[in-house]
Amino acid sequence: MPDRVTGTLTLVIGGARSGKSAHAEKLATACPAPWAYIATAQAYDDEMRERIALHRSRRGEGWTTIDAPLDLVGAMEALPDGRPVLIDCLTLWLTNHMLAEHDVEAECQGLADVLSRPRGPWFVVSNEVGQGIVPDNALARRFRDAAGRLNQQVAAVSDTVLLMVVGLPLKVK
């Protein structure tokens, strides 16, 4: 593995419709192409298909999209060194693992381990889900707690953490 100097990790986090993805795309495209976009979403309904189509429409030539709803670690390890990578998003990836009843703690630790050794400019998008009300059901509370722990793990190994608020990036780290 190359040493830490060869890569950087930027976490772009914020609430729904805060501009996270668009800002992460802007950061990634400031690096030389080709860019890899690792998508974790799954299109289970029309609304999600529309959201995925919107994200794809923003990306022009130079992007390679890799669908990795579960095997995010494998997708990242398969990429060549030096390639700019945008992962969108960790909370959908987490949801996929929770719904599949996988060992979420082990999956998150494995992901944090890979993210701690970026092999190029890597940009990761995640939702901040802990600033709202306490969810009214056990699954939603487990998700909120797991997402909070995952975001802390990723922030700890990130070189830069940006909090998106109303389309504006605020540097946290």
# chains A, B, ... in the order shown; residues from 1 in each chain; ligands from 1
$ select_by_dssp --residues "chain A" --states "alpha helix (DSSP H)" --output "PyMOL selection string"
chain A and resi 20-29+46-58+72-77+90-99+104-115+138-157
$ select_by_dssp --residues "chain A" --states "strand (DSSP E)" --output "number ranges by chain"
A: 8-14, 35-39, 63-67, 85-88, 121-127, 160-165, 168-171
$ residues_around --residues "region 136-148 of chain A" --least-positions-apart "3" --cutoff "9 Å" --atoms "only C-alpha atoms" --output "VMD selection string"
chain A and resid 90 to 91 94 to 95 98 104 to 105 108 126 to 130 133 151 to 153
$ residues_around --residues "His97 (chain A)" --least-positions-apart "3" --cutoff "10 Å" --atoms "only C-alpha atoms" --output "list of chain:residue names"
A:Pro69, A:Leu70, A:Asp71, A:Thr91, A:Leu92, A:Trp93, A:Leu94, A:Ala100, A:Glu101, A:His102, A:Asp103, A:Val104, A:Glu107, A:Cys108
$ closest_residue --among "A:Arg58, A:Arg17, A:Arg83, A:His23" --to "Trp35 (chain A)" --atoms "only C-alpha atoms"
A:Arg83
$ atom_distance --atom1 "CA of Ala33 (chain A)" --atom2 "CA of Phe123 (chain A)"
14.2 Å
